[in-house]
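This report refers to the structure that appears directly beneath it.
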Amino acid sequence: MKNIILLTFTALLIASCGNKEQTVADVIASGNLEQLREKKTELDAKQQELANQIKELQAEIKKLNPLEKVPLITTFQAKKDTFMHYLELQGNVTTKQNLVIYPEYSGVLTRVYVTEGQRVSKGQTLAKIDDGGLSQQAAQLQIQADLAKTTFERQERLWNQKIGSEIQYLQAKSNYEAQQKAVSQLNQQIAKTLVKAPFSGVIDDVISEQGSVVAPGQSMLFRIVNLSDMYVETDVPERYLTNVTKGKDVEINLPILGKTINGKIRQAGDYINPANRTFKIEVSLPNKDKTVKPNLTAKLKINDYTNEEAILIPLSIISENAEGEQYVYTISEKEDAKANAKRVIIETGKTQGDYIEVLSGINDGDEIIDEGARSVRDGQKVKILNIENQEQQ
């Protein structure tokens, strides 16, 4: 009996040892290809089984923890602030005192008194044109005028003394006045032979040289420029007619010079161009250092609208429904980091950069959903990620 029991125990021990699961290292060490393949198949089945078990656990966790399926969002608080809208335009630098001077008399340019770059004053003589003998004619007429004056004065004294006839007095007076007008007319012609500066400025270019034959309206003599009275001219769309007015502050940027200058609208046109529906404005441009030149390109920023109690929100969080209404999401029933999303229809105003003005729908202090705004629904539970930062602020 004892022998039977011993033999049975020994058989069970050998069987148990034979059924012991081999490790991966044991299988690799055996070098048996068939065992290697069987072991891999066994491990692949276990891997798939574990993956299925993990999915089941994740699904059960979501059922038991509602926050696991709630959208994550960030929010910001609506605050009233000063909103300044700027109209940006491009204009051209110019001056009304940039002039090409033409002669008023035909003849030879006998003298040129100025050089390029020379500063001149208003009324200063720039050149002289040969008068073709007008000076001699003027001298002769002046002699005749002097004689007519003497004759008239004597005849006037006699007439005052009741001596002589009235017709003699009137003839002497008429002759004297005619001689005066003839001398004055000839002197005006002679004055046209002198080319004078119409305003103070700088001779930018001497176009006709001394000795040239010049003619009125045809021969360009000089270009004179005054850089003190500069301005920027541009066209403004008609919809800004009531906002872009005389006296408005303007920021003038000159890209070529790399400088920004503050100016004011000195003139706003009253005429709407029917071709492009615009009106012209002139913006004063201080130029104390004379670095600004005519025909430079200028970029203008005009403050056409200001709201000192505006609420601004990012353009990126605004959506639009089928009726064309704009809306954003705020939060309600807030408790710790949890809240409800609430859709709010808004009316917007002007934009500036990435922000837009809200005219209605949002009040000061409302908490608006920022990140995640496009992934929530009206009335949906949300989880706020920035709650701790807001409390610290």
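Residue names in the structure tokens use chain letters A, B, ... in the order shown, residue numbers from 1 in each chain, and ligand numbers from 1 in the order shown.
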Nearby residues (only C-alpha atoms) at most 12 Å from Glu209 in chain A, same-chain spacing under 3 positions excluded, as number ranges by chain = A: 108-116, 127-129, 205-206, 212-214, 219-222
Any chance you can output those residues with N, CA and C atoms as a PDB file, in the first residue's frame?
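Okay, this is what ended up in again_16.pdb:
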```pdb
ATOM      1  N   VAL A 108      15.910 137.468 -74.674  1.00  0.00           N
ATOM      2  CA  VAL A 108      17.120 136.744 -74.290  1.00  0.00           C
ATOM      3  C   VAL A 108      17.300 136.848 -72.772  1.00  0.00           C
ATOM      4  N   LEU A 109      17.582 135.720 -72.134  1.00  0.00           N
ATOM      5  CA  LEU A 109      17.839 135.696 -70.685  1.00  0.00           C
ATOM      6  C   LEU A 109      19.254 136.222 -70.469  1.00  0.00           C
ATOM      7  N   THR A 110      19.352 137.526 -70.185  1.00  0.00           N
ATOM      8  CA  THR A 110      20.669 138.168 -70.113  1.00  0.00           C
ATOM      9  C   THR A 110      21.404 137.891 -68.806  1.00  0.00           C
ATOM     10  N   ARG A 111      20.669 137.726 -67.686  1.00  0.00           N
ATOM     11  CA  ARG A 111      21.329 137.487 -66.392  1.00  0.00           C
ATOM     12  C   ARG A 111      20.548 136.459 -65.579  1.00  0.00           C
ATOM     13  N   VAL A 112      21.269 135.558 -64.926  1.00  0.00           N
ATOM     14  CA  VAL A 112      20.694 134.632 -63.943  1.00  0.00           C
ATOM     15  C   VAL A 112      21.412 134.903 -62.629  1.00  0.00           C
ATOM     16  N   TYR A 113      20.668 135.325 -61.609  1.00  0.00           N
ATOM     17  CA  TYR A 113      21.276 135.775 -60.357  1.00  0.00           C
ATOM     18  C   TYR A 113      21.353 134.697 -59.266  1.00  0.00           C
ATOM     19  N   VAL A 114      20.771 133.502 -59.498  1.00  0.00           N
ATOM     20  CA  VAL A 114      20.720 132.484 -58.443  1.00  0.00           C
ATOM     21  C   VAL A 114      21.308 131.169 -58.943  1.00  0.00           C
ATOM     22  N   THR A 115      21.618 130.295 -58.005  1.00  0.00           N
ATOM     23  CA  THR A 115      22.131 128.966 -58.317  1.00  0.00           C
ATOM     24  C   THR A 115      21.258 127.919 -57.627  1.00  0.00           C
ATOM     25  N   GLU A 116      21.397 126.674 -58.050  1.00  0.00           N
ATOM     26  CA  GLU A 116      20.616 125.587 -57.455  1.00  0.00           C
ATOM     27  C   GLU A 116      20.973 125.421 -55.974  1.00  0.00           C
ATOM     28  N   ALA A 127      16.249 136.559 -62.211  1.00  0.00           N
ATOM     29  CA  ALA A 127      16.861 136.658 -63.535  1.00  0.00           C
ATOM     30  C   ALA A 127      16.380 137.928 -64.235  1.00  0.00           C
ATOM     31  N   LYS A 128      17.090 138.285 -65.319  1.00  0.00           N
ATOM     32  CA  LYS A 128      16.760 139.480 -66.106  1.00  0.00           C
ATOM     33  C   LYS A 128      16.683 139.100 -67.579  1.00  0.00           C
ATOM     34  N   ILE A 129      15.578 139.553 -68.244  1.00  0.00           N
ATOM     35  CA  ILE A 129      15.379 139.309 -69.667  1.00  0.00           C
ATOM     36  C   ILE A 129      15.587 140.626 -70.417  1.00  0.00           C
ATOM     37  N   ASP A 205      16.000 123.849 -58.937  1.00  0.00           N
ATOM     38  CA  ASP A 205      16.569 123.553 -60.254  1.00  0.00           C
ATOM     39  C   ASP A 205      16.618 124.825 -61.085  1.00  0.00           C
ATOM     40  N   VAL A 206      17.761 125.081 -61.717  1.00  0.00           N
ATOM     41  CA  VAL A 206      17.898 126.161 -62.705  1.00  0.00           C
ATOM     42  C   VAL A 206      17.782 125.495 -64.071  1.00  0.00           C
ATOM     43  N   SER A 212      19.868 132.059 -73.015  1.00  0.00           N
ATOM     44  CA  SER A 212      18.785 131.364 -73.713  1.00  0.00           C
ATOM     45  C   SER A 212      17.702 132.349 -74.137  1.00  0.00           C
ATOM     46  N   VAL A 213      17.030 132.017 -75.236  1.00  0.00           N
ATOM     47  CA  VAL A 213      15.881 132.797 -75.672  1.00  0.00           C
ATOM     48  C   VAL A 213      14.646 132.160 -75.037  1.00  0.00           C
ATOM     49  N   VAL A 214      13.869 132.963 -74.312  1.00  0.00           N
ATOM     50  CA  VAL A 214      12.727 132.426 -73.576  1.00  0.00           C
ATOM     51  C   VAL A 214      11.443 133.083 -74.058  1.00  0.00           C
ATOM     52  N   SER A 219       8.941 128.444 -71.948  1.00  0.00           N
ATOM     53  CA  SER A 219      10.291 128.205 -71.421  1.00  0.00           C
ATOM     54  C   SER A 219      10.260 128.129 -69.886  1.00  0.00           C
ATOM     55  N   MET A 220      10.667 126.982 -69.354  1.00  0.00           N
ATOM     56  CA  MET A 220      10.757 126.840 -67.896  1.00  0.00           C
ATOM     57  C   MET A 220      12.090 127.421 -67.425  1.00  0.00           C
ATOM     58  N   LEU A 221      12.025 128.300 -66.429  1.00  0.00           N
ATOM     59  CA  LEU A 221      13.238 128.967 -65.952  1.00  0.00           C
ATOM     60  C   LEU A 221      13.798 128.314 -64.696  1.00  0.00           C
ATOM     61  N   PHE A 222      12.967 128.220 -63.643  1.00  0.00           N
ATOM     62  CA  PHE A 222      13.433 127.688 -62.350  1.00  0.00           C
ATOM     63  C   PHE A 222      12.328 126.841 -61.714  1.00  0.00           C
TER      64      PHE A 222
END
```
For each of A:Pro314, A:Gly123, A:Gly107, A:Gly258, take the minimum atom-to-atom distance to Ser200 in chain A, counting only C-alpha atoms, then give the residue where this is smallest.
->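 Among the listed residues, A:Gly123 lies closest to Ser200 in chain A.
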When you draw a straight line from CA of Lys299 in chain A to CA of Leu89 in chain A, how long is it in Å?
->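 Result for CA of Lys299 in chain A versus CA of Leu89 in chain A: 5.9 Å, one decimal.
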Write down as a PyMOL selection string the residues belonging to range 43-218 of chain A that are assigned strand (DSSP E or B) by DSSP computed on the backbone.
-> chain A and resi 72-73+75-77+80-95+98-101+107-112+119-120+125-129+194-196+201-206+213-214
All residues 12 Å or closer to Val382 in chain A, only C-alpha atoms, same chain fewer than 6 positions away omitted, as a PyMOL selection string | chain A and resi 66-75+329-342+369+371-373+375-376
Would you write out those residues with C-alpha atoms, as an mmCIF file, in the first residue's frame?
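Heads up, here's the output in selection.cif:
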```cif
data_model
loop_
_atom_site.group_PDB
_atom_site.id
_atom_site.type_symbol
_atom_site.label_atom_id
_atom_site.label_comp_id
_atom_site.auth_asym_id
_atom_site.auth_seq_id
_atom_site.Cartn_x
_atom_site.Cartn_y
_atom_site.Cartn_z
ATOM 1 C CA PRO A 66 -19.102 62.652 -15.388
ATOM 2 C CA LEU A 67 -16.223 65.155 -15.578
ATOM 3 C CA GLU A 68 -14.309 62.724 -17.761
ATOM 4 C CA LYS A 69 -16.585 63.562 -20.752
ATOM 5 C CA VAL A 70 -17.112 67.301 -20.052
ATOM 6 C CA PRO A 71 -15.441 69.759 -22.532
ATOM 7 C CA LEU A 72 -12.439 71.627 -21.141
ATOM 8 C CA ILE A 73 -12.547 75.420 -21.634
ATOM 9 C CA THR A 74 -10.887 78.656 -20.584
ATOM 10 C CA THR A 75 -12.715 81.905 -19.883
ATOM 11 C CA TYR A 329 -20.836 81.424 -25.140
ATOM 12 C CA THR A 330 -20.816 82.645 -21.554
ATOM 13 C CA ILE A 331 -20.969 80.509 -18.428
ATOM 14 C CA SER A 332 -23.750 80.245 -15.851
ATOM 15 C CA GLU A 333 -24.447 78.299 -12.660
ATOM 16 C CA LYS A 334 -20.756 78.264 -11.910
ATOM 17 C CA GLU A 335 -19.575 75.969 -9.093
ATOM 18 C CA ASP A 336 -15.847 75.611 -8.517
ATOM 19 C CA ALA A 337 -14.425 74.443 -11.857
ATOM 20 C CA LYS A 338 -17.790 73.381 -13.284
ATOM 21 C CA ALA A 339 -20.422 75.504 -15.063
ATOM 22 C CA ASN A 340 -23.018 75.516 -17.815
ATOM 23 C CA ALA A 341 -22.357 76.984 -21.270
ATOM 24 C CA LYS A 342 -24.886 79.626 -22.318
ATOM 25 C CA ILE A 369 -15.706 81.186 -22.988
ATOM 26 C CA GLU A 371 -10.605 78.437 -25.751
ATOM 27 C CA GLY A 372 -13.075 75.675 -26.506
ATOM 28 C CA ALA A 373 -15.834 78.088 -27.555
ATOM 29 C CA SER A 375 -16.690 72.797 -29.246
ATOM 30 C CA VAL A 376 -19.494 73.425 -26.731
#
```
Write out as a list of chain:residue names the residues lying within 12 Å of Phe83 in chain A, counting only C-alpha atoms and excluding same-chain residues fewer than 3 positions away.
->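 Within the cut-off, the hits are A:Lys79, A:Lys80, A:Tyr86, A:Asn303, A:Asp304, A:Tyr305, A:Thr306, A:Asn307, A:Glu308, A:Glu309, A:Ala310, A:Ile311, A:Leu312, A:Ile313, A:Gly349, A:Lys350, A:Thr351, A:Gln352, A:Gly353, A:Tyr355, A:Ile356, A:Glu357, A:Val358, A:Leu359.
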